[in-house]
file upload_1.cif (mmCIF, C-alpha atoms)
data_start
loop_
_atom_site.group_PDB
_atom_site.id
_atom_site.type_symbol
_atom_site.label_atom_id
_atom_site.label_comp_id
_atom_site.auth_asym_id
_atom_site.auth_seq_id
_atom_site.Cartn_x
_atom_site.Cartn_y
_atom_site.Cartn_z
ATOM 1 C CA MET A 1 77.650 66.368 137.316
ATOM 2 C CA HIS A 2 78.199 63.166 135.345
ATOM 3 C CA ARG A 3 79.531 60.337 137.490
ATOM 4 C CA ARG A 4 81.950 58.004 135.718
ATOM 5 C CA LEU A 5 81.053 54.340 136.103
ATOM 6 C CA HIS A 6 83.635 51.618 136.309
ATOM 7 C CA PRO A 7 83.821 49.157 133.433
ATOM 8 C CA ALA A 8 81.966 45.866 133.500
ATOM 9 C CA ALA A 9 83.421 42.767 135.124
ATOM 10 C CA VAL A 10 83.420 39.062 134.362
ATOM 11 C CA VAL A 11 83.734 36.139 136.767
ATOM 12 C CA VAL A 12 85.780 33.108 135.755
ATOM 13 C CA GLN A 13 86.622 29.990 137.704
ATOM 14 C CA GLU A 14 90.079 29.317 139.048
ATOM 15 C CA ASP A 15 91.832 26.651 141.074
ATOM 16 C CA ARG A 16 93.826 27.071 144.275
ATOM 17 C CA ASN A 17 97.149 27.094 142.412
ATOM 18 C CA LEU A 18 96.073 29.465 139.616
ATOM 19 C CA VAL A 19 96.683 26.836 136.940
ATOM 20 C CA MET A 20 93.346 27.339 135.160
ATOM 21 C CA GLY A 21 93.776 31.062 134.470
ATOM 22 C CA GLY A 22 94.911 32.416 131.146
ATOM 23 C CA GLN A 23 98.646 32.419 130.942
ATOM 24 C CA SER A 24 100.346 35.696 130.168
ATOM 25 C CA ILE A 25 103.469 35.926 128.071
ATOM 26 C CA LEU A 26 106.585 36.968 129.937
ATOM 27 C CA ASP A 27 108.362 39.945 128.451
ATOM 28 C CA LEU A 28 111.833 38.486 128.724
ATOM 29 C CA ASP A 29 113.410 41.683 127.428
ATOM 30 C CA ALA A 30 111.997 43.668 130.347
ATOM 31 C CA GLU A 31 114.403 44.471 133.156
ATOM 32 C CA ASP A 32 114.107 42.094 136.139
ATOM 33 C CA GLU A 33 111.375 39.966 134.471
ATOM 34 C CA TYR A 34 113.194 36.728 135.322
ATOM 35 C CA ASP A 35 113.662 37.803 138.946
ATOM 36 C CA ARG A 36 110.027 38.845 139.350
ATOM 37 C CA ALA A 37 108.767 35.600 137.798
ATOM 38 C CA TYR A 38 111.048 33.503 140.009
ATOM 39 C CA LEU A 39 110.042 35.340 143.191
ATOM 40 C CA ALA A 40 106.341 35.089 142.354
ATOM 41 C CA ILE A 41 106.619 31.339 141.821
ATOM 42 C CA ARG A 42 108.757 30.826 144.923
ATOM 43 C CA GLU A 43 106.406 32.816 147.169
ATOM 44 C CA HIS A 44 103.169 31.332 145.816
ATOM 45 C CA GLY A 45 101.098 29.107 148.044
ATOM 46 C CA PRO A 46 97.709 27.588 147.311
ATOM 47 C CA LEU A 47 94.852 30.042 147.774
ATOM 48 C CA ALA A 48 91.909 29.320 150.026
ATOM 49 C CA LEU A 49 88.781 27.943 148.377
ATOM 50 C CA GLY A 50 85.880 30.382 148.289
ATOM 51 C CA ARG A 51 88.115 33.421 147.787
ATOM 52 C CA PHE A 52 88.736 35.526 144.679
ATOM 53 C CA LEU A 53 91.335 37.621 142.905
ATOM 54 C CA VAL A 54 90.673 40.720 140.801
ATOM 55 C CA LEU A 55 92.562 41.385 137.579
ATOM 56 C CA ARG A 56 92.344 44.800 135.968
ATOM 57 C CA GLY A 57 93.648 45.771 132.562
ATOM 58 C CA ARG A 58 96.046 48.645 132.116
ATOM 59 C CA ASP A 59 93.471 50.566 130.104
ATOM 60 C CA PRO A 60 91.047 52.267 132.550
ATOM 61 C CA ASP A 61 88.095 51.341 130.318
ATOM 62 C CA SER A 62 88.946 47.631 130.053
ATOM 63 C CA HIS A 63 86.789 45.119 131.898
ATOM 64 C CA TRP A 64 87.816 43.634 135.221
ATOM 65 C CA THR A 65 88.128 39.899 135.769
ATOM 66 C CA TYR A 66 87.210 38.239 139.038
ATOM 67 C CA GLN A 67 88.913 34.874 139.423
ATOM 68 C CA ALA A 68 86.698 32.783 141.697
ATOM 69 C CA VAL A 69 88.891 30.249 143.517
ATOM 70 C CA VAL A 70 86.521 27.274 143.519
ATOM 71 C CA HIS A 71 88.569 24.237 142.397
ATOM 72 C CA ASP A 72 91.093 22.061 144.185
ATOM 73 C CA PHE A 73 92.315 19.400 141.796
ATOM 74 C CA GLU A 74 93.769 17.378 144.656
ATOM 75 C CA GLN A 75 90.254 16.478 145.829
ATOM 76 C CA THR A 76 87.375 14.636 144.164
ATOM 77 C CA PRO A 77 85.136 16.237 143.146
ATOM 78 C CA SER A 78 87.338 19.272 142.517
ATOM 79 C CA CYS A 79 84.665 21.718 143.650
ATOM 80 C CA ARG A 80 81.944 21.943 146.289
ATOM 81 C CA PRO A 81 78.772 24.103 146.111
ATOM 82 C CA GLY A 82 79.723 25.949 149.306
ATOM 83 C CA ASP A 83 83.000 27.103 147.755
ATOM 84 C CA VAL A 84 81.144 28.545 144.755
ATOM 85 C CA ARG A 85 78.580 30.235 147.020
ATOM 86 C CA ARG A 86 81.237 31.782 149.303
ATOM 87 C CA SER A 87 83.291 33.032 146.369
ATOM 88 C CA LEU A 88 80.254 34.509 144.597
ATOM 89 C CA CYS A 89 79.012 36.195 147.774
ATOM 90 C CA ALA A 90 82.416 37.804 148.271
ATOM 91 C CA ILE A 91 82.589 38.858 144.609
ATOM 92 C CA LEU A 92 79.077 40.329 144.662
ATOM 93 C CA GLY A 93 79.941 42.323 147.777
ATOM 94 C CA ASP A 94 83.157 43.590 146.231
ATOM 95 C CA ALA A 95 81.469 44.496 142.930
ATOM 96 C CA GLU A 96 78.798 46.421 144.839
ATOM 97 C CA ARG A 97 81.427 48.372 146.827
ATOM 98 C CA ARG A 98 83.232 49.215 143.589
ATOM 99 C CA GLU A 99 79.920 50.250 141.987
ATOM 100 C CA LEU A 100 80.464 48.011 138.964
ATOM 101 C CA PRO A 101 77.508 48.437 136.596
ATOM 102 C CA THR A 102 77.475 44.848 135.269
ATOM 103 C CA LEU A 103 78.859 41.507 136.304
ATOM 104 C CA ALA A 104 78.803 38.454 134.033
ATOM 105 C CA ALA A 105 79.798 34.973 135.175
ATOM 106 C CA GLU A 106 80.483 31.658 133.552
ATOM 107 C CA ALA A 107 78.995 28.560 135.166
ATOM 108 C CA LEU A 108 81.343 28.070 138.100
ATOM 109 C CA GLY A 109 82.295 24.740 139.560
ATOM 110 C CA ASN A 110 82.353 22.482 136.522
ATOM 111 C CA TRP A 111 85.475 22.263 134.443
ATOM 112 C CA GLU A 112 86.062 19.492 131.924
ATOM 113 C CA GLY A 113 83.549 17.271 133.685
ATOM 114 C CA ARG A 114 85.127 17.739 137.117
ATOM 115 C CA GLY A 115 83.432 19.321 140.074
ATOM 116 C CA LEU A 116 79.759 20.237 140.177
ATOM 117 C CA SER A 117 76.870 19.258 137.980
ATOM 118 C CA LEU A 118 75.028 22.088 136.231
ATOM 119 C CA GLU A 119 72.206 21.773 138.777
ATOM 120 C CA GLU A 120 74.642 22.091 141.698
ATOM 121 C CA SER A 121 76.262 25.121 140.063
ATOM 122 C CA ILE A 122 72.871 26.795 139.571
ATOM 123 C CA GLY A 123 71.966 26.029 143.194
ATOM 124 C CA ALA A 124 75.186 27.671 144.395
ATOM 125 C CA PHE A 125 74.455 30.746 142.256
ATOM 126 C CA ASP A 126 70.927 30.946 143.666
ATOM 127 C CA ALA A 127 72.206 30.639 147.234
ATOM 128 C CA ALA A 128 74.753 33.416 146.651
ATOM 129 C CA ILE A 129 72.140 35.753 145.182
ATOM 130 C CA LEU A 130 69.700 35.097 148.023
ATOM 131 C CA GLU A 131 72.385 35.577 150.627
#
call {"tool": "encode", "arguments": {"input": "upload_1.cif", "output": "structure tokens"}}
result
Amino acid sequence: MHRRLHPAAVVVQEDRNLVMGGQSILDLDAEDEYDRAYLAIREHGPLALGRFLVLRGRDPDSHWTYQAVVHDFEQTPSCRPGDVRRSLCAILGDAERRELPTLAAEALGNWEGRGLSLEESIGAFDAAILE
């Protein structure tokens, strides 16, 4: 019996208010799109650092995107190594439970010169892998 594997996943960095993520285009012709957008904005609160969100495409074969919540632009620096490590550990555990065959990640924690140095980012990755 051939077991179907889930598609690959990528890890991208995100901030507590989901400002960094790619913006989707609202389908303003869709029924209730304005109401759904308004309610989502009204109900949104900042996410906890070190957490993640998972985005899946509508196509079952499309890749999944893990949004690692590692930045808080109200603090300087905007990211701490522990937040990257906690988020990556949680993502690795989730990807293992979902039996994802591959997981690719951008360097987390440094965005436009804010946050971590490359060395700190690598250290956080190493700590997550070892954990």
call {"tool": "closest_residue", "arguments": {"input": "upload_1.cif", "among": "A:Ala68, A:Val12, A:Leu88, A:Leu55", "to": "Gly123 (chain A)", "atoms": "only C-alpha atoms"}}
result
A:Leu88
call {"tool": "residues_near_point", "arguments": {"input": "upload_1.cif", "point": "(79.6, 34.9, 133.7)", "cutoff": "8 Å", "atoms": "all atoms listed in the file", "output": "PyMOL selection string"}}
result
chain A and resi 10-12+103-107
call {"tool": "resolve_selection", "arguments": {"input": "upload_1.cif", "expression": "the PyMOL selection byres ((chain A and resi 82-86) around 10)", "output": "ChimeraX atom specification"}}
result
/A:13,48-52,68-71,79-81,87-92,107-109,116,120-129,131
